[in-house]
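Step one of this worksheet: look at the structure below.
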Amino acid sequence: MAEYTINARGLQCPGPIMRLFTQMKTAEPGDLVTIEVTDMGFKSDIEAWCRKTKNALVSLAEQGGVITAQVRKGA
Amino acid sequence: MRLLVLGGVAAGTKAAARARREYPDAEITILTQDEYVAYAGCGLPYYVGGIIAEAQELIVRTPDAFKHENRIEVLTRHQATAIDPAAHRVTARDLMSGVERIYEYDKLIIAVGAMPIVPNIEGIQLKRVSTVRGLTDAKKIRALVDSGKLQRAVVVGGGFIGLEMAENLAERGLQVSVVEMREAILPGFDPEVAALAQRYLVDHGVAVHTGETVRRILGNAAGEAVGVVTDARTIDADLVILSAGVKPNTAIAAAAGIETDARGMILVDAYLRTSVPDIFAVGDCASVRHMQTEADVYSPMGSTANKTGRVVVANLFEPREPFAGVLGTTIVRLFKLNVARTGLCTEEARAAGFDVETVLVPTPDRAHYYPGNQMIITKLIADRATHRILGAQVIGEGVVDKPIDSLAVGIALGMTAEQLSGMDLAYTPPFASALNSSIVAANVLLNKLAGKVKGISPVEVTPGDPNVVLLDVRTEPEVIISAIPHSVNIPLAELHERIGELDPQQPTVVVCKVGRRAYHAALMLQRLGFADVKILDGGMTAWPYETV
């Protein structure tokens, strides 16, 4: 399983979710994508997005104004 | 000079303290029916919530300190019962002994405040039903919450105090419902701003029932409240908070022939003088002048009470210092949401005869790349004829007090949209965006005033209306996250090639995240001959209703 990291700091919506969306399209089921974001709205966005797609939100943390989310691609 | 002050919370004690400085030889007496004086009434919800640990932290000054440090006599639990303006005498009763006494004055300042509006309904006398007016109320509620026996609370009234109580009770672990008889919470705010706050409260576990009136309170055999019945439902509750607003406490003034108005407030002039010589009125019992409309308005706010309490002292012998008046500037925090307003709301502006244009503009509160930036939404209300900014409201988890205060200053001085757009405001990434949130809002307003684009408020949009196309121009993943029901998605980047999917004759409302992409799309549609194009003000960020 591959792991990818996306630095989406400084990007405003829809930048972060687009970057993740694009990465997920090329990833294989089971791959893990970590994304770092400074747009605080991303927190609720990523929860809703994972809930509505087949991807799993492995972790979601915020420290010093940076949100780090780990998403595993679903089957 | 003998100065007599009726009332000893904010305005009364402020006046007495300044009078002592201005008139070192005066004999100053405060009569108050309360058992506490000089307490910070606005802090009561936070004392209930435990953020303020002890009640004494809210007491600015004790009667003893007034006596020994200021030579001000404070008589607590003394209720003034009559004013005789001709004789310059006040009759007051000592509530502990029942003895009445006469107090003579040369100058009288009435600062008796307001009392909570208590609905006359069945069960109102039950235990565990309380107003939140003074420290006595707050101590009673705090003790009940501290006992750990309470699980559910109903707050009657969705104004500032009610919502702050709801927040603090929820933070203490209670399940809280707010019942508001009007169609929206937060009176004085525009409906879309109030709706956003309502949605935020609901998302944070506070039930909010608007357009509902509490008809009766249910009790148990022990005489304790166990629930409320509204016109729509029964809600279990072992605590009922009454915060349905306040009314001026002015029966004594009216009985003495001092002019009051239909709302009961004592009418004063710019120098805070009543209709009767040597009698002044300040704080929550008196009117104040509105800076913009010049109408006599009721502004029962701690800020106004402290200011008028201070100003009145300059005018005791001659009119020297007019009170500037109020803009209705207020702010409230609900969990992490900050909501503030100043000037006229849309409804007030229309009622005052203005042809109103408004904008609703989401922006980050500081540089969008700086960690910790939060979204705020700025609403501006302007006069189409003069471009003057008439009012502003700011809501969001970011910083709102800075923009509302600078907007309040500008509005008080008659600022136009052009002037706001050109303001030189503080900027560096940790504090603001290069284009400050208020300046961005002014620029959107200028675009609207110039007729480049038309907007529509979220409260005017009906999802599913067959006559209107809701065109969402955001990207696919954004639409997956949330979208307005019945909206059609064509991302902005694809709009030109997919234009054939749309009917130019059909009214179209364009939606995006904040309004920027919708503006681009609207300009494109207009160029392509679409007859009726509007953008959704504030985009999805300010959409307060259901999403799919």
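Lettering and numbering for the structure tokens are positional, with chains as A, B, ... in the shown order, residues counted from 1 in each chain, and ligands counted from 1 in the shown order.
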Exercise. Write down, as a VMD selection string, each residue of chain A that has any atom within 7 Å of an atom of chain B, counting only C-alpha atoms.
Key: chain A and resid 9 to 12 14 17 to 18 21 38 to 40 45 48 to 49 52 64 to 66
Those same residues - N, CA and C atoms - I'd like them written as a PDB file, in the first residue's frame.
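Printed below is out-v5.pdb as written:
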ATOM      1  N   ARG A   9      -1.264  23.552   2.735  1.00  0.00           N
ATOM      2  CA  ARG A   9      -1.269  24.748   3.588  1.00  0.00           C
ATOM      3  C   ARG A   9      -1.323  25.994   2.708  1.00  0.00           C
ATOM      4  N   GLY A  10      -2.083  26.966   3.157  1.00  0.00           N
ATOM      5  CA  GLY A  10      -2.156  28.231   2.422  1.00  0.00           C
ATOM      6  C   GLY A  10      -3.216  28.216   1.338  1.00  0.00           C
ATOM      7  N   LEU A  11      -3.696  27.028   0.976  1.00  0.00           N
ATOM      8  CA  LEU A  11      -4.733  26.976  -0.059  1.00  0.00           C
ATOM      9  C   LEU A  11      -6.100  27.222   0.569  1.00  0.00           C
ATOM     10  N   GLN A  12      -6.901  28.017  -0.114  1.00  0.00           N
ATOM     11  CA  GLN A  12      -8.271  28.227   0.329  1.00  0.00           C
ATOM     12  C   GLN A  12      -9.173  27.229  -0.380  1.00  0.00           C
ATOM     13  N   PRO A  14     -11.651  25.914  -2.857  1.00  0.00           N
ATOM     14  CA  PRO A  14     -11.670  24.441  -2.849  1.00  0.00           C
ATOM     15  C   PRO A  14     -10.305  23.796  -3.013  1.00  0.00           C
ATOM     16  N   ILE A  17      -9.474  20.395  -0.862  1.00  0.00           N
ATOM     17  CA  ILE A  17     -10.321  19.240  -1.168  1.00  0.00           C
ATOM     18  C   ILE A  17     -10.096  18.786  -2.617  1.00  0.00           C
ATOM     19  N   MET A  18      -9.787  19.741  -3.508  1.00  0.00           N
ATOM     20  CA  MET A  18      -9.486  19.381  -4.902  1.00  0.00           C
ATOM     21  C   MET A  18      -8.195  18.565  -4.976  1.00  0.00           C
ATOM     22  N   PHE A  21      -8.968  15.144  -3.681  1.00  0.00           N
ATOM     23  CA  PHE A  21      -9.852  14.485  -4.656  1.00  0.00           C
ATOM     24  C   PHE A  21      -9.026  13.947  -5.838  1.00  0.00           C
ATOM     25  N   THR A  38      -4.481  24.691   6.166  1.00  0.00           N
ATOM     26  CA  THR A  38      -4.659  25.815   7.108  1.00  0.00           C
ATOM     27  C   THR A  38      -6.039  26.465   6.989  1.00  0.00           C
ATOM     28  N   ASP A  39      -6.869  25.956   6.082  1.00  0.00           N
ATOM     29  CA  ASP A  39      -8.238  26.460   5.948  1.00  0.00           C
ATOM     30  C   ASP A  39      -9.110  25.717   6.966  1.00  0.00           C
ATOM     31  N   MET A  40      -9.543  26.447   8.017  1.00  0.00           N
ATOM     32  CA  MET A  40     -10.224  25.788   9.143  1.00  0.00           C
ATOM     33  C   MET A  40     -11.537  25.115   8.722  1.00  0.00           C
ATOM     34  N   ASP A  45     -15.435  19.891   6.395  1.00  0.00           N
ATOM     35  CA  ASP A  45     -15.529  19.438   4.999  1.00  0.00           C
ATOM     36  C   ASP A  45     -15.031  18.001   4.848  1.00  0.00           C
ATOM     37  N   ALA A  48     -17.393  15.384   6.261  1.00  0.00           N
ATOM     38  CA  ALA A  48     -18.568  15.168   5.407  1.00  0.00           C
ATOM     39  C   ALA A  48     -18.176  14.434   4.128  1.00  0.00           C
ATOM     40  N   TRP A  49     -17.033  14.798   3.576  1.00  0.00           N
ATOM     41  CA  TRP A  49     -16.611  14.198   2.314  1.00  0.00           C
ATOM     42  C   TRP A  49     -16.356  12.696   2.476  1.00  0.00           C
ATOM     43  N   LYS A  52     -19.514  10.742   2.859  1.00  0.00           N
ATOM     44  CA  LYS A  52     -20.323  10.578   1.657  1.00  0.00           C
ATOM     45  C   LYS A  52     -19.608   9.813   0.548  1.00  0.00           C
ATOM     46  N   GLY A  64      -1.738  24.135  16.299  1.00  0.00           N
ATOM     47  CA  GLY A  64      -1.168  25.406  15.871  1.00  0.00           C
ATOM     48  C   GLY A  64      -1.796  25.948  14.609  1.00  0.00           C
ATOM     49  N   GLY A  65      -3.077  25.712  14.439  1.00  0.00           N
ATOM     50  CA  GLY A  65      -3.766  26.257  13.276  1.00  0.00           C
ATOM     51  C   GLY A  65      -3.578  25.444  12.010  1.00  0.00           C
ATOM     52  N   VAL A  66      -2.952  24.265  12.128  1.00  0.00           N
ATOM     53  CA  VAL A  66      -2.783  23.398  10.959  1.00  0.00           C
ATOM     54  C   VAL A  66      -3.599  22.125  11.182  1.00  0.00           C
TER      55      VAL A  66
END
Exercise. Within 7 Å of A:Val58, counting only C-alpha atoms, which residues show up once you throw out same-chain ones fewer than 6 positions away? Write them as a ChimeraX atom specification, please.
Key: /A:70-72
What would the file look like if the residues just selected were written as a PDB file, in the first residue's frame with C-alpha atoms?
ATOM      1  CA  GLN A  70      -5.296  10.968   7.125  1.00  0.00           C
ATOM      2  CA  VAL A  71      -7.626   9.343   4.650  1.00  0.00           C
ATOM      3  CA  ARG A  72      -7.529   5.725   3.496  1.00  0.00           C
TER       4      ARG A  72
END
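Among A:Asn55, A:Ala75, A:Ile35, A:Glu62, the residue with the shortest atom-to-atom distance to A:Thr5, counting only C-alpha atoms, is A:Ile35.
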Quiz item: Per DSSP on the backbone, what are the strand (DSSP E) residues of chain A, as an MDAnalysis selection string?
Solution: chainID A and resid 3:8 32:37 56:63 66:72
Exercise. Rank B:Leu446, B:Leu218, B:Ile72, B:Val178 by their smallest atom-to-atom distance to B:Leu420, using only C-alpha atoms, and report the top residue only.
Key: B:Leu446
Quiz prompt | Length of the atom CA of B:Val288 to atom CA of B:Leu272 vector [Å] | solution =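 Taking atom CA of B:Val288 as the start and atom CA of B:Leu272 as the end point, the length is 8.1 Å.
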Quiz item: Which of these residues is nearest to A:Pro29, using only C-alpha atoms: A:Leu60, A:Cys50, A:Met1, A:Ala8?
Solution: A:Met1
Exercise. Output as a list in words all residues of stretch 4-73 of chain A that backbone DSSP marks as helix (DSSP H, G or I).
Key: Gly15, Pro16, Ile17, Met18, Arg19, Leu20, Phe21, Thr22, Gln23, Met24, Lys25, Thr26, Phe42, Lys43, Ser44, Asp45, Ile46, Glu47, Ala48, Trp49, Cys50, Arg51 and Lys52 of chain A
Within 9 Å of stretch 55-68 of chain B: each stretch 110-202 of chain B residue with its shortest pair, only C-alpha atoms, as a tab-separated table:
residue	atom	partner	partner_atom	distance
B:Leu135	CA	B:Ala55	CA	7.4
B:Ala138	CA	B:Ala55	CA	8.5
B:Lys139	CA	B:Ala55	CA	7.3
Export of prior selection with N, CA and C atoms as a CSV table (one decimal), in the first residue's frame:
chain,number,residue,atom,x,y,z
B,135,LEU,N,-27.7,39.3,41.0
B,135,LEU,CA,-26.8,38.4,41.5
B,135,LEU,C,-27.6,37.3,42.3
B,138,ALA,N,-28.8,34.7,40.0
B,138,ALA,CA,-27.7,33.9,39.5
B,138,ALA,C,-27.2,32.9,40.5
B,139,LYS,N,-27.1,33.4,41.8
B,139,LYS,CA,-26.6,32.5,42.8
B,139,LYS,C,-27.5,31.3,43.0
Self-check item: Selection: 10 Å around B:Cys345, only C-alpha atoms, excl. self and same-chain fewer than 3 positions, as a PyMOL selection string
Solution: chain B and resi 187-191+328+341-342+348-351+358+379-382+390-393
Quiz item: Hey, what's within 8 Å of B:Glu122 if we count only C-alpha atoms and toss same-chain stuff fewer than 3 positions away? As a list in words, please?
Solution: Gln125, Arg215, Arg216 and Ile217 of chain B
Quiz item: Quick one: of A:Lys54, A:Thr34, A:Arg19, A:Glu47, who's nearest to A:Thr68, counting only C-alpha atoms?
Solution: A:Thr34
Quiz item: Can you tell me, as a PyMOL selection string, what residues are no more than 12 Å from B:Arg21 when counting only C-alpha atoms, ignoring any on the same chain fewer than 4 positions away?
Solution: chain B and resi 14-17+25-26+28+69-72+310+313-314
Practice problem: Just the residues within 10 Å of stretch 33-46 of chain B, please, counting only C-alpha atoms, with nothing from its chain fewer than 6 positions along; format it as a ChimeraX atom specification. | Solution: /B:6-14,52-53,55-63,66,74-80,92-95,112,132-139,141-142,160-169,301-303
Quiz prompt | Contacts of B:Val509 within 7 Å, only C-alpha atoms, excl. fewer than 5 positions in-chain, as an MDAnalysis selection string | solution = chainID B and resid 469:471 533:536
Saved selection, atoms kept: C-alpha atoms, as a PDB file, in the first residue's frame:
ATOM      1  CA  VAL B 469     -32.638  27.326 -11.427  1.00  0.00           C
ATOM      2  CA  LEU B 470     -30.180  27.062  -8.552  1.00  0.00           C
ATOM      3  CA  LEU B 471     -26.868  26.784 -10.396  1.00  0.00           C
ATOM      4  CA  VAL B 533     -29.261  36.244 -12.998  1.00  0.00           C
ATOM      5  CA  LYS B 534     -28.656  36.678  -9.299  1.00  0.00           C
ATOM      6  CA  ILE B 535     -25.895  35.397  -7.054  1.00  0.00           C
ATOM      7  CA  LEU B 536     -26.630  33.832  -3.700  1.00  0.00           C
TER       8      LEU B 536
END
